[in-house]
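Contents: one structure, followed by commentary.
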Number of protein chains: 2
Amino acid sequence: MSTVGKALSLLDSLSQMNNEAGLTDIARLCDLDKATARRLLVELEKHGFVEQDLETRKYRIGAAPVRLARIREARYPFLRIAIPFVRELAEKSEETVHLAEFSGGTLSTIHVEDSPRAHRVIVEIGTRLPFHATASGLAYLAFSGKKQIEAALSQPLEAFTENTVTDPAAVRKMIDETIVRGFSISSQGLEVGVVSTGAAILSPTGQPVGSITIAAPLARARPATLASFGAAVADTAKRISEKYYGPERPSGTKTQTKRTG
Amino acid sequence: MSTVGKALSLLDSLSQMNNEAGLTDIARLCDLDKATARRLLVELEKHGFVEQDLETRKYRIGAAPVRLARIREARYPFLRIAIPFVRELAEKSEETVHLAEFSGGTLSTIHVEDSPRAHRVIVEIGTRLPFHATASGLAYLAFSGKKQIEAALSQPLEAFTENTVTDPAAVRKMIDETIVRGFSISSQGLEVGVVSTGAAILSPTGQPVGSITIAAPLARARPATLASFGAAVADTAKRISEKYYGPERPSGTKTQTKRTG
DNA sequence: ACATCTGGTTCATATATTGAACCGATGCTT
DNA sequence: AAGCATCGGTTCAATATATGAACCAGATGT
């Protein structure tokens with residue numbers, strides 16, 4: 001793997017480590033030598049992508065991504081457009097709703113609106129959403145090309161709970177059902193006691209760019225409720241797409257982007 | 001320079017190129033071979049840091065930084081805390097106010113609130129703010145260590161306008177005045193017809209982490225106005241710092257970060 | 001039809017990356 | 001308090017990786 005690949009993977013790992021970690025931990029998690037990890041960290045630090053706390057000597061994500069993100073959002077305001085819809089859906093459903101975006105081969109949460117209820121599902125920003133084990137992932141795959149599905153299902157499917165579907169054929173069936181229904185369902189695929197319904201947000205070319213998902217405690221997930229949630233996420237996903245790619249941003253209407261997953 | 005350094009510099013350059021550029025332009029601007037630039041871009045793309053438009057073949061900043069930025073903001077909500085103050089100052093002053101953050105050796109704009117007036121200063125998000133030529137930069141330097149000032153003034157100081165102060169001794173004097181006044185003034189240092197007053201946002205250790213600046217058209221920049229703007233930015237900067245590092249986030253109170261400038 | 005741009009690729013050469021062993025400091029255990 | 005196990009960080013010979021001039025093929029403009 002190229003050095004910059006390692007550096008970017010390191011950054012990615014760091015972002016999933018309680019956002020603060022020591023050199024040894026980082027090296028172990030990224031499967032790098034301590035010396036290598038350090039050189040990469042120093043380099044990333046020079047450019048503001050990581051920061052080191054001088055007291056604890058731990059490393060964390062730096063401020064540089066904030067700048068880049070602001071620049072991107074200024075031109076491709078995915079969050080600005082989508083967040084109001086996520087909020088609306090959270091209010092309407094009274095459950096936690098989260099928004100995910102595909103980038104760098106994985107789907108990750110980029111925004112969460114919490115359920116107003118006391119008993120609710122907590123989703124962390126930055127969480128990776130495995131394709132086979134989450135409603136977000138299934139919805140995403142359902143609208144991806146065959147190649148992408150193939151790629152996602154050809155690697156070993158981790159079991160996160162006892163309910164995680166790890167048989168590729170069974171996952172494929174869930175994807176087919178998602179296509180028919182227009183939304184996906186994942187029951188306790190990633191977390192016990194959580195049922196999610198998700199829908200893909202599509203670009204005008206039909207490529208999925210992300211997903212929106214309602215995550216509810218199992219206790220409240222009655223079939224009729226799930227069906228109404230499903231219809232709501234599917235509708236919301238469509239409205240986000242229309243607003244994001246709509247006439248307000250004609251320049252972006254036809255852009256499509258390479259796949260990297 | 002290390003390969004990852006080159007990749008990150010490339011990313012940085014790309015962020016300042018109307019956010020969309022072709023391979024040849026990128027290679028030229030980053031002073032890299034076309035082949036090298038391409039390999040770096042491909043690698044960055046794999047991880048979602050850049051995207052290539054399949055129609056135009058141009059490259060732009062990808063979605064990965066958005067994810068990282070969200071993670072950082074969830075823990076270090078600099079923008080969330082600071083933006084309301086920036087907005088308030090923009091309303092009060094009726095001028096364009098921008099917020100900058102130091103990272104990766106440079107100070108860059110991360111948020112802008114426009115003046116409500118028709119004749120106003122436009123500041124782009126992501127703009128680099130040279131230390132010697134901007135109120136933001138001078139304010140930042142004024143509260144930096146001697147080493148940092150030394151480093152900033154030892155390299156050639158570019159003249160952006162006929163008014164840019166490029167004599168290190170003169171800049172040093174401006175810095176001293178800033179310390180006495182509590183805020184900085186830069187008259188047409190970066191852009192003709194623009195006068196700015198800025199103040200540094202300090203961490204509890206006294207280290208500057210960013211700056212807040214009012215940018216006004218020269219026509220409205222009367223001495224008395226500048227003085228009141230100066231007092232206002234200095235006050236606002238202090239309030240941002242207090243809120244950001246205050247009792248609400250005790251864990252961050254004592255953190256300090258290495259300098260990389 | 002020609003010239004000159006693109007974006008993208010190749011492969012021998014040169015250069016940057018690697019990692020086991022090492023250091024000094026800190027903290028835990030006996 | 002002595003010993004042990006960490007930690008973050010460094011060194012340097014061995015090695016894998018990055019580099020770039022020359023090269024396509026296609027698009028655009030003259």
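Residues in the structure tokens are numbered from 1 in each chain, the chains being A, B, ... in the order shown, and ligands are numbered from 1 in the order shown.
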Per DSSP on the backbone, what are the helix (DSSP H, G or I) residues of stretch 7-234 of chain A, as a count of residues only?
103
Coordinates of chain B after Cα superposition on chain A, as a PDB file with C-alpha atoms, in the first residue's frame:
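New file result_30.pdb:
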```
ATOM      1  CA  MET B   1      -0.118  -0.089   0.072  1.00  0.00           C
ATOM      2  CA  SER B   2       1.109   3.372  -0.713  1.00  0.00           C
ATOM      3  CA  THR B   3       2.370   5.579   2.066  1.00  0.00           C
ATOM      4  CA  VAL B   4      -0.346   8.152   1.619  1.00  0.00           C
ATOM      5  CA  GLY B   5      -2.874   5.346   1.738  1.00  0.00           C
ATOM      6  CA  LYS B   6      -1.466   4.336   5.093  1.00  0.00           C
ATOM      7  CA  ALA B   7      -1.563   7.897   6.329  1.00  0.00           C
ATOM      8  CA  LEU B   8      -5.172   8.335   5.302  1.00  0.00           C
ATOM      9  CA  SER B   9      -6.142   5.002   6.825  1.00  0.00           C
ATOM     10  CA  LEU B  10      -4.445   6.080  10.004  1.00  0.00           C
ATOM     11  CA  LEU B  11      -6.494   9.255   9.980  1.00  0.00           C
ATOM     12  CA  ASP B  12      -9.581   7.199   9.457  1.00  0.00           C
ATOM     13  CA  SER B  13      -8.729   4.880  12.317  1.00  0.00           C
ATOM     14  CA  LEU B  14      -7.938   7.795  14.551  1.00  0.00           C
ATOM     15  CA  SER B  15     -11.377   9.197  13.848  1.00  0.00           C
ATOM     16  CA  GLN B  16     -12.908   6.052  15.253  1.00  0.00           C
ATOM     17  CA  MET B  17     -10.856   5.810  18.444  1.00  0.00           C
ATOM     18  CA  ASN B  18     -12.778   8.035  20.827  1.00  0.00           C
ATOM     19  CA  ASN B  19     -10.999  10.718  18.870  1.00  0.00           C
ATOM     20  CA  GLU B  20      -7.953  10.575  21.039  1.00  0.00           C
ATOM     21  CA  ALA B  21      -5.278   7.914  21.200  1.00  0.00           C
ATOM     22  CA  GLY B  22      -1.664   7.281  22.081  1.00  0.00           C
ATOM     23  CA  LEU B  23       1.074   6.317  19.659  1.00  0.00           C
ATOM     24  CA  THR B  24       1.221   2.661  20.638  1.00  0.00           C
ATOM     25  CA  ASP B  25      -2.530   2.180  20.338  1.00  0.00           C
ATOM     26  CA  ILE B  26      -2.603   3.879  16.976  1.00  0.00           C
ATOM     27  CA  ALA B  27       0.258   1.780  15.670  1.00  0.00           C
ATOM     28  CA  ARG B  28      -1.404  -1.414  16.858  1.00  0.00           C
ATOM     29  CA  LEU B  29      -4.827  -0.560  15.473  1.00  0.00           C
ATOM     30  CA  CYS B  30      -3.451   0.437  12.099  1.00  0.00           C
ATOM     31  CA  ASP B  31      -1.107  -2.524  12.009  1.00  0.00           C
ATOM     32  CA  LEU B  32       1.892  -0.274  11.529  1.00  0.00           C
ATOM     33  CA  ASP B  33       5.259  -0.104  13.164  1.00  0.00           C
ATOM     34  CA  LYS B  34       5.480   2.466  15.925  1.00  0.00           C
ATOM     35  CA  ALA B  35       8.149   4.359  14.030  1.00  0.00           C
ATOM     36  CA  THR B  36       6.063   4.381  10.880  1.00  0.00           C
ATOM     37  CA  ALA B  37       2.936   5.467  12.706  1.00  0.00           C
ATOM     38  CA  ARG B  38       4.857   8.263  14.319  1.00  0.00           C
ATOM     39  CA  ARG B  39       6.308   9.559  11.073  1.00  0.00           C
ATOM     40  CA  LEU B  40       2.878   9.556   9.510  1.00  0.00           C
ATOM     41  CA  LEU B  41       1.406  11.346  12.517  1.00  0.00           C
ATOM     42  CA  VAL B  42       4.117  13.978  12.418  1.00  0.00           C
ATOM     43  CA  GLU B  43       3.475  14.534   8.754  1.00  0.00           C
ATOM     44  CA  LEU B  44      -0.276  14.740   9.266  1.00  0.00           C
ATOM     45  CA  GLU B  45       0.289  17.127  12.124  1.00  0.00           C
ATOM     46  CA  LYS B  46       2.400  19.449   9.995  1.00  0.00           C
ATOM     47  CA  HIS B  47      -0.609  19.894   7.779  1.00  0.00           C
ATOM     48  CA  GLY B  48      -3.124  20.246  10.579  1.00  0.00           C
ATOM     49  CA  PHE B  49      -4.901  16.941  10.051  1.00  0.00           C
ATOM     50  CA  VAL B  50      -3.964  15.724  13.509  1.00  0.00           C
ATOM     51  CA  GLU B  51      -3.070  17.517  16.702  1.00  0.00           C
ATOM     52  CA  GLN B  52      -1.033  16.257  19.576  1.00  0.00           C
ATOM     53  CA  ASP B  53      -1.967  17.202  23.076  1.00  0.00           C
ATOM     54  CA  LEU B  54       1.251  18.383  24.656  1.00  0.00           C
ATOM     55  CA  GLU B  55       0.201  17.222  28.117  1.00  0.00           C
ATOM     56  CA  THR B  56      -1.095  13.750  27.446  1.00  0.00           C
ATOM     57  CA  ARG B  57       0.922  13.230  24.232  1.00  0.00           C
ATOM     58  CA  LYS B  58      -2.183  11.765  22.702  1.00  0.00           C
ATOM     59  CA  TYR B  59      -3.187  12.431  19.128  1.00  0.00           C
ATOM     60  CA  ARG B  60      -6.525  13.594  17.819  1.00  0.00           C
ATOM     61  CA  ILE B  61      -8.119  14.857  14.612  1.00  0.00           C
ATOM     62  CA  GLY B  62      -6.908  18.360  13.800  1.00  0.00           C
ATOM     63  CA  ALA B  63      -8.533  21.455  12.370  1.00  0.00           C
ATOM     64  CA  ALA B  64      -7.554  21.063   8.728  1.00  0.00           C
ATOM     65  CA  PRO B  65     -10.508  18.834   7.832  1.00  0.00           C
ATOM     66  CA  VAL B  66     -12.845  21.534   9.145  1.00  0.00           C
ATOM     67  CA  ARG B  67     -11.496  23.968   6.612  1.00  0.00           C
ATOM     68  CA  LEU B  68     -11.757  21.474   3.749  1.00  0.00           C
ATOM     69  CA  ALA B  69     -15.240  20.476   4.824  1.00  0.00           C
ATOM     70  CA  ARG B  70     -16.395  24.071   4.858  1.00  0.00           C
ATOM     71  CA  ILE B  71     -15.056  24.577   1.376  1.00  0.00           C
ATOM     72  CA  ARG B  72     -16.826  21.511   0.143  1.00  0.00           C
ATOM     73  CA  GLU B  73     -20.068  22.370   1.878  1.00  0.00           C
ATOM     74  CA  ALA B  74     -19.949  25.844   0.370  1.00  0.00           C
ATOM     75  CA  ARG B  75     -20.190  24.273  -3.066  1.00  0.00           C
ATOM     76  CA  TYR B  76     -21.906  20.966  -2.364  1.00  0.00           C
ATOM     77  CA  PRO B  77     -24.100  21.767   0.621  1.00  0.00           C
ATOM     78  CA  PHE B  78     -25.236  18.237   1.300  1.00  0.00           C
ATOM     79  CA  LEU B  79     -25.529  18.744   5.035  1.00  0.00           C
ATOM     80  CA  ARG B  80     -27.117  22.151   4.795  1.00  0.00           C
ATOM     81  CA  ILE B  81     -29.784  20.756   2.494  1.00  0.00           C
ATOM     82  CA  ALA B  82     -30.305  17.441   4.245  1.00  0.00           C
ATOM     83  CA  ILE B  83     -30.268  18.376   7.922  1.00  0.00           C
ATOM     84  CA  PRO B  84     -33.685  20.093   7.984  1.00  0.00           C
ATOM     85  CA  PHE B  85     -35.229  16.970   6.455  1.00  0.00           C
ATOM     86  CA  VAL B  86     -33.500  14.757   8.988  1.00  0.00           C
ATOM     87  CA  ARG B  87     -34.790  16.961  11.765  1.00  0.00           C
ATOM     88  CA  GLU B  88     -38.303  16.942  10.402  1.00  0.00           C
ATOM     89  CA  LEU B  89     -38.268  13.163  10.162  1.00  0.00           C
ATOM     90  CA  ALA B  90     -36.951  12.846  13.706  1.00  0.00           C
ATOM     91  CA  GLU B  91     -39.746  15.051  15.000  1.00  0.00           C
ATOM     92  CA  LYS B  92     -42.397  13.246  13.030  1.00  0.00           C
ATOM     93  CA  SER B  93     -41.231   9.757  13.900  1.00  0.00           C
ATOM     94  CA  GLU B  94     -40.115  10.572  17.423  1.00  0.00           C
ATOM     95  CA  GLU B  95     -37.145   8.317  16.830  1.00  0.00           C
ATOM     96  CA  THR B  96     -33.443   8.891  16.241  1.00  0.00           C
ATOM     97  CA  VAL B  97     -32.726   9.642  12.591  1.00  0.00           C
ATOM     98  CA  HIS B  98     -29.277   9.638  11.045  1.00  0.00           C
ATOM     99  CA  LEU B  99     -27.792  10.684   7.770  1.00  0.00           C
ATOM    100  CA  ALA B 100     -24.885   8.839   6.175  1.00  0.00           C
ATOM    101  CA  GLU B 101     -22.648   9.591   3.259  1.00  0.00           C
ATOM    102  CA  PHE B 102     -20.591   7.259   1.124  1.00  0.00           C
ATOM    103  CA  SER B 103     -16.945   8.178   0.847  1.00  0.00           C
ATOM    104  CA  GLY B 104     -13.680   6.357   0.654  1.00  0.00           C
ATOM    105  CA  GLY B 105     -15.274   2.988   0.240  1.00  0.00           C
ATOM    106  CA  THR B 106     -17.461   3.121   3.313  1.00  0.00           C
ATOM    107  CA  LEU B 107     -20.722   4.556   4.457  1.00  0.00           C
ATOM    108  CA  SER B 108     -20.428   6.734   7.575  1.00  0.00           C
ATOM    109  CA  THR B 109     -22.806   8.726   9.705  1.00  0.00           C
ATOM    110  CA  ILE B 110     -22.389  12.470   9.221  1.00  0.00           C
ATOM    111  CA  HIS B 111     -25.401  13.771  11.093  1.00  0.00           C
ATOM    112  CA  VAL B 112     -27.759  12.586  13.819  1.00  0.00           C
ATOM    113  CA  GLU B 113     -30.998  13.990  15.182  1.00  0.00           C
ATOM    114  CA  ASP B 114     -31.923  12.349  18.450  1.00  0.00           C
ATOM    115  CA  SER B 115     -35.311  11.038  19.322  1.00  0.00           C
ATOM    116  CA  PRO B 116     -37.071  13.267  21.861  1.00  0.00           C
ATOM    117  CA  ARG B 117     -37.975  10.202  23.911  1.00  0.00           C
ATOM    118  CA  ALA B 118     -36.152   9.067  26.985  1.00  0.00           C
ATOM    119  CA  HIS B 119     -35.763   5.554  25.671  1.00  0.00           C
ATOM    120  CA  ARG B 120     -33.983   6.146  22.427  1.00  0.00           C
ATOM    121  CA  VAL B 121     -31.234   4.900  20.175  1.00  0.00           C
ATOM    122  CA  ILE B 122     -27.911   6.709  20.338  1.00  0.00           C
ATOM    123  CA  VAL B 123     -25.879   6.982  17.146  1.00  0.00           C
ATOM    124  CA  GLU B 124     -22.430   8.539  17.118  1.00  0.00           C
ATOM    125  CA  ILE B 125     -21.307  10.817  14.333  1.00  0.00           C
ATOM    126  CA  GLY B 126     -18.601   9.151  12.297  1.00  0.00           C
ATOM    127  CA  THR B 127     -19.875   5.623  12.868  1.00  0.00           C
ATOM    128  CA  ARG B 128     -19.070   3.291  10.051  1.00  0.00           C
ATOM    129  CA  LEU B 129     -22.107   1.505   8.719  1.00  0.00           C
ATOM    130  CA  PRO B 130     -21.285  -1.982   7.420  1.00  0.00           C
ATOM    131  CA  PHE B 131     -23.251  -2.661   4.263  1.00  0.00           C
ATOM    132  CA  HIS B 132     -24.644  -6.016   5.286  1.00  0.00           C
ATOM    133  CA  ALA B 133     -25.522  -5.199   8.882  1.00  0.00           C
ATOM    134  CA  THR B 134     -27.338  -1.876   8.695  1.00  0.00           C
ATOM    135  CA  ALA B 135     -30.477  -0.508   7.077  1.00  0.00           C
ATOM    136  CA  SER B 136     -28.345   2.324   5.702  1.00  0.00           C
ATOM    137  CA  GLY B 137     -25.945  -0.111   4.095  1.00  0.00           C
ATOM    138  CA  LEU B 138     -28.654  -2.288   2.612  1.00  0.00           C
ATOM    139  CA  ALA B 139     -30.467   0.721   1.195  1.00  0.00           C
ATOM    140  CA  TYR B 140     -27.215   1.928  -0.314  1.00  0.00           C
ATOM    141  CA  LEU B 141     -26.399  -1.420  -1.868  1.00  0.00           C
ATOM    142  CA  ALA B 142     -29.911  -1.847  -3.210  1.00  0.00           C
ATOM    143  CA  PHE B 143     -29.351   1.048  -5.559  1.00  0.00           C
ATOM    144  CA  SER B 144     -25.736   0.296  -6.355  1.00  0.00           C
ATOM    145  CA  GLY B 145     -24.477  -1.568  -9.370  1.00  0.00           C
ATOM    146  CA  LYS B 146     -24.007  -5.321  -9.383  1.00  0.00           C
ATOM    147  CA  LYS B 147     -20.262  -4.897  -9.122  1.00  0.00           C
ATOM    148  CA  GLN B 148     -20.542  -2.900  -5.952  1.00  0.00           C
ATOM    149  CA  ILE B 149     -22.882  -5.466  -4.384  1.00  0.00           C
ATOM    150  CA  GLU B 150     -20.546  -8.219  -5.470  1.00  0.00           C
ATOM    151  CA  ALA B 151     -17.589  -6.429  -3.904  1.00  0.00           C
ATOM    152  CA  ALA B 152     -19.421  -5.815  -0.656  1.00  0.00           C
ATOM    153  CA  LEU B 153     -20.612  -9.389  -0.294  1.00  0.00           C
ATOM    154  CA  SER B 154     -17.465 -11.134  -1.457  1.00  0.00           C
ATOM    155  CA  GLN B 155     -15.509 -10.170   1.617  1.00  0.00           C
ATOM    156  CA  PRO B 156     -16.139 -11.868   4.975  1.00  0.00           C
ATOM    157  CA  LEU B 157     -19.296 -10.493   6.611  1.00  0.00           C
ATOM    158  CA  GLU B 158     -18.722  -9.774  10.258  1.00  0.00           C
ATOM    159  CA  ALA B 159     -21.359 -10.758  12.825  1.00  0.00           C
ATOM    160  CA  PHE B 160     -21.909  -7.825  15.167  1.00  0.00           C
ATOM    161  CA  THR B 161     -24.795  -9.424  17.051  1.00  0.00           C
ATOM    162  CA  GLU B 162     -26.413 -12.831  17.078  1.00  0.00           C
ATOM    163  CA  ASN B 163     -28.907 -11.424  14.610  1.00  0.00           C
ATOM    164  CA  THR B 164     -26.451 -10.158  12.016  1.00  0.00           C
ATOM    165  CA  VAL B 165     -27.101 -11.764   8.676  1.00  0.00           C
ATOM    166  CA  THR B 166     -23.738 -13.013   7.475  1.00  0.00           C
ATOM    167  CA  ASP B 167     -24.817 -15.300   4.670  1.00  0.00           C
ATOM    168  CA  PRO B 168     -24.239 -13.492   1.361  1.00  0.00           C
ATOM    169  CA  ALA B 169     -27.265 -15.150  -0.228  1.00  0.00           C
ATOM    170  CA  ALA B 170     -29.496 -14.010   2.627  1.00  0.00           C
ATOM    171  CA  VAL B 171     -28.135 -10.481   2.384  1.00  0.00           C
ATOM    172  CA  ARG B 172     -28.813 -10.535  -1.325  1.00  0.00           C
ATOM    173  CA  LYS B 173     -32.393 -11.468  -0.588  1.00  0.00           C
ATOM    174  CA  MET B 174     -32.681  -8.537   1.816  1.00  0.00           C
ATOM    175  CA  ILE B 175     -31.362  -6.282  -0.916  1.00  0.00           C
ATOM    176  CA  ASP B 176     -33.959  -7.571  -3.355  1.00  0.00           C
ATOM    177  CA  GLU B 177     -36.695  -6.969  -0.826  1.00  0.00           C
ATOM    178  CA  THR B 178     -35.376  -3.460  -0.327  1.00  0.00           C
ATOM    179  CA  ILE B 179     -35.658  -2.749  -4.038  1.00  0.00           C
ATOM    180  CA  VAL B 180     -39.280  -3.970  -4.067  1.00  0.00           C
ATOM    181  CA  ARG B 181     -40.268  -2.122  -0.884  1.00  0.00           C
ATOM    182  CA  GLY B 182     -38.352   1.059  -1.606  1.00  0.00           C
ATOM    183  CA  PHE B 183     -36.735   1.028   1.819  1.00  0.00           C
ATOM    184  CA  SER B 184     -34.548  -1.322   3.831  1.00  0.00           C
ATOM    185  CA  ILE B 185     -35.018  -2.934   7.218  1.00  0.00           C
ATOM    186  CA  SER B 186     -32.271  -4.189   9.489  1.00  0.00           C
ATOM    187  CA  SER B 187     -33.294  -5.802  12.729  1.00  0.00           C
ATOM    188  CA  GLN B 188     -30.497  -5.874  15.280  1.00  0.00           C
ATOM    189  CA  GLY B 189     -27.869  -6.252  12.595  1.00  0.00           C
ATOM    190  CA  LEU B 190     -25.334  -3.975  14.256  1.00  0.00           C
ATOM    191  CA  GLU B 191     -26.705  -3.415  17.729  1.00  0.00           C
ATOM    192  CA  VAL B 192     -28.998  -5.583  19.839  1.00  0.00           C
ATOM    193  CA  GLY B 193     -32.434  -4.129  20.473  1.00  0.00           C
ATOM    194  CA  VAL B 194     -32.345  -1.729  17.550  1.00  0.00           C
ATOM    195  CA  VAL B 195     -34.431  -1.937  14.396  1.00  0.00           C
ATOM    196  CA  SER B 196     -33.716   0.446  11.538  1.00  0.00           C
ATOM    197  CA  THR B 197     -35.469   1.440   8.354  1.00  0.00           C
ATOM    198  CA  GLY B 198     -33.410   3.202   5.713  1.00  0.00           C
ATOM    199  CA  ALA B 199     -33.532   4.649   2.243  1.00  0.00           C
ATOM    200  CA  ALA B 200     -30.847   5.647  -0.218  1.00  0.00           C
ATOM    201  CA  ILE B 201     -30.338   9.213  -1.355  1.00  0.00           C
ATOM    202  CA  LEU B 202     -29.750   9.070  -5.094  1.00  0.00           C
ATOM    203  CA  SER B 203     -27.990  11.356  -7.516  1.00  0.00           C
ATOM    204  CA  PRO B 204     -29.780  12.157 -10.771  1.00  0.00           C
ATOM    205  CA  THR B 205     -27.817   9.399 -12.466  1.00  0.00           C
ATOM    206  CA  GLY B 206     -29.324   6.916 -10.045  1.00  0.00           C
ATOM    207  CA  GLN B 207     -26.110   6.434  -8.108  1.00  0.00           C
ATOM    208  CA  PRO B 208     -26.617   6.374  -4.355  1.00  0.00           C
ATOM    209  CA  VAL B 209     -24.627   9.065  -2.557  1.00  0.00           C
ATOM    210  CA  GLY B 210     -25.786   8.368   0.972  1.00  0.00           C
ATOM    211  CA  SER B 211     -28.679   7.246   3.086  1.00  0.00           C
ATOM    212  CA  ILE B 212     -31.154   8.339   5.707  1.00  0.00           C
ATOM    213  CA  THR B 213     -32.235   5.970   8.436  1.00  0.00           C
ATOM    214  CA  ILE B 214     -34.631   5.796  11.364  1.00  0.00           C
ATOM    215  CA  ALA B 215     -33.290   3.784  14.274  1.00  0.00           C
ATOM    216  CA  ALA B 216     -35.876   2.660  16.820  1.00  0.00           C
ATOM    217  CA  PRO B 217     -35.772   0.498  19.928  1.00  0.00           C
ATOM    218  CA  LEU B 218     -37.052  -2.996  19.226  1.00  0.00           C
ATOM    219  CA  ALA B 219     -39.829  -2.474  21.769  1.00  0.00           C
ATOM    220  CA  ARG B 220     -41.454   0.173  19.628  1.00  0.00           C
ATOM    221  CA  ALA B 221     -40.834  -1.502  16.302  1.00  0.00           C
ATOM    222  CA  ARG B 222     -44.204  -2.976  15.472  1.00  0.00           C
ATOM    223  CA  PRO B 223     -44.741  -4.023  11.838  1.00  0.00           C
ATOM    224  CA  ALA B 224     -47.207  -1.227  11.143  1.00  0.00           C
ATOM    225  CA  THR B 225     -44.820   1.333  12.656  1.00  0.00           C
ATOM    226  CA  LEU B 226     -41.949   0.024  10.559  1.00  0.00           C
ATOM    227  CA  ALA B 227     -44.044   0.257   7.433  1.00  0.00           C
ATOM    228  CA  SER B 228     -44.911   3.867   8.111  1.00  0.00           C
ATOM    229  CA  PHE B 229     -41.300   4.682   8.997  1.00  0.00           C
ATOM    230  CA  GLY B 230     -40.205   3.045   5.788  1.00  0.00           C
ATOM    231  CA  ALA B 231     -42.566   5.102   3.699  1.00  0.00           C
ATOM    232  CA  ALA B 232     -41.409   8.224   5.502  1.00  0.00           C
ATOM    233  CA  VAL B 233     -37.666   7.638   5.011  1.00  0.00           C
ATOM    234  CA  ALA B 234     -38.161   6.748   1.371  1.00  0.00           C
ATOM    235  CA  ASP B 235     -40.126   9.928   0.840  1.00  0.00           C
ATOM    236  CA  THR B 236     -37.608  12.037   2.755  1.00  0.00           C
ATOM    237  CA  ALA B 237     -34.672  10.566   0.851  1.00  0.00           C
ATOM    238  CA  LYS B 238     -36.359  11.465  -2.408  1.00  0.00           C
ATOM    239  CA  ARG B 239     -37.057  15.006  -1.254  1.00  0.00           C
ATOM    240  CA  ILE B 240     -33.450  15.500  -0.126  1.00  0.00           C
ATOM    241  CA  SER B 241     -32.216  14.318  -3.477  1.00  0.00           C
ATOM    242  CA  GLU B 242     -34.590  16.623  -5.325  1.00  0.00           C
ATOM    243  CA  LYS B 243     -33.576  19.616  -3.294  1.00  0.00           C
ATOM    244  CA  TYR B 244     -29.854  18.854  -3.428  1.00  0.00           C
ATOM    245  CA  TYR B 245     -29.688  18.131  -7.138  1.00  0.00           C
ATOM    246  CA  GLY B 246     -32.653  20.226  -8.105  1.00  0.00           C
ATOM    247  CA  PRO B 247     -32.896  23.389 -10.214  1.00  0.00           C
ATOM    248  CA  GLU B 248     -31.134  25.404  -7.542  1.00  0.00           C
ATOM    249  CA  ARG B 249     -27.820  23.845  -8.435  1.00  0.00           C
ATOM    250  CA  PRO B 250     -28.034  23.061 -12.137  1.00  0.00           C
ATOM    251  CA  SER B 251     -24.259  22.788 -12.423  1.00  0.00           C
ATOM    252  CA  GLY B 252     -24.244  19.718 -10.259  1.00  0.00           C
ATOM    253  CA  THR B 253     -27.187  18.055 -11.911  1.00  0.00           C
ATOM    254  CA  LYS B 254     -25.247  15.908 -14.240  1.00  0.00           C
ATOM    255  CA  THR B 255     -22.160  15.197 -12.212  1.00  0.00           C
ATOM    256  CA  GLN B 256     -21.510  11.665 -11.282  1.00  0.00           C
ATOM    257  CA  THR B 257     -18.664  10.272  -9.357  1.00  0.00           C
ATOM    258  CA  LYS B 258     -16.467   7.256  -9.582  1.00  0.00           C
ATOM    259  CA  ARG B 259     -17.080   4.407  -7.256  1.00  0.00           C
ATOM    260  CA  THR B 260     -14.305   3.431  -4.943  1.00  0.00           C
ATOM    261  CA  GLY B 261     -15.934   0.708  -2.901  1.00  0.00           C
TER     262      GLY B 261
END
```
Please identify every residue of chain C that has at least one atom no farther than 10 Å from an atom of chain B, counting only C-alpha atoms (C1' of nucleotides), and for each give the shortest atom pair and the distance in Å to one decimal, arranged by chain then increasing number, as CSV.
```
residue,atom,partner,partner_atom,distance
C:DT6,C1',B:Thr24,CA,8.1
C:DG7,C1',B:Leu23,CA,6.9
C:DG8,C1',B:Ala35,CA,8.2
C:DT9,C1',B:Ala35,CA,8.3
C:DA16,C1',B:Ser2,CA,7.0
C:DT17,C1',B:Ser2,CA,9.2
```
Any chance you can output those residues with C-alpha atoms (C1' of nucleotides) as a PDB file, in the first residue's frame?
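selection29.pdb written:
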```pdb
ATOM      1  C1'  DT C   6      -5.839  17.534 -22.613  1.00  0.00           C
ATOM      2  C1'  DG C   7      -5.797  13.143 -19.163  1.00  0.00           C
ATOM      3  C1'  DG C   8      -3.435   9.166 -18.492  1.00  0.00           C
ATOM      4  C1'  DT C   9       0.502   5.332 -18.596  1.00  0.00           C
ATOM      5  C1'  DA C  16      11.902   7.842   0.721  1.00  0.00           C
ATOM      6  C1'  DT C  17      10.053   4.338   3.872  1.00  0.00           C
TER       7       DT C  17
END
```
Please, which residues of stretch 20-235 of chain B, numbered as in this document, come out strand (DSSP E) from DSSP, as an NGL selection string?
:B and (50-52 or 59-61 or 96-103 or 106-113 or 184-187 or 194-202 or 208-217)
Define the interface residues of chain D facing chain B as those within 9 Å, counting only C-alpha atoms (C1' of nucleotides), and report them as an MDAnalysis selection string.
chainID D and resid 18:20
Need to verify the contact set: C:DA25, 12 Å, only C-alpha atoms (C1' of nucleotides), exclusion of same-chain residues closer than 5 positions in sequence. Can you return it as a PyMOL selection string?
chain D and resi 6-9
With C-alpha atoms (C1' of nucleotides) retained, export the selected residues as a JSON list (two decimals), in the first residue's frame.
```json
[["chain", "number", "residue", "atom", "x", "y", "z"],
["D", 6, "DT", "C1'", 4.52, 0.22, 29.84],
["D", 7, "DC", "C1'", 4.75, 4.40, 27.42],
["D", 8, "DG", "C1'", 6.47, 7.97, 23.59],
["D", 9, "DG", "C1'", 10.08, 8.62, 20.80]]
```
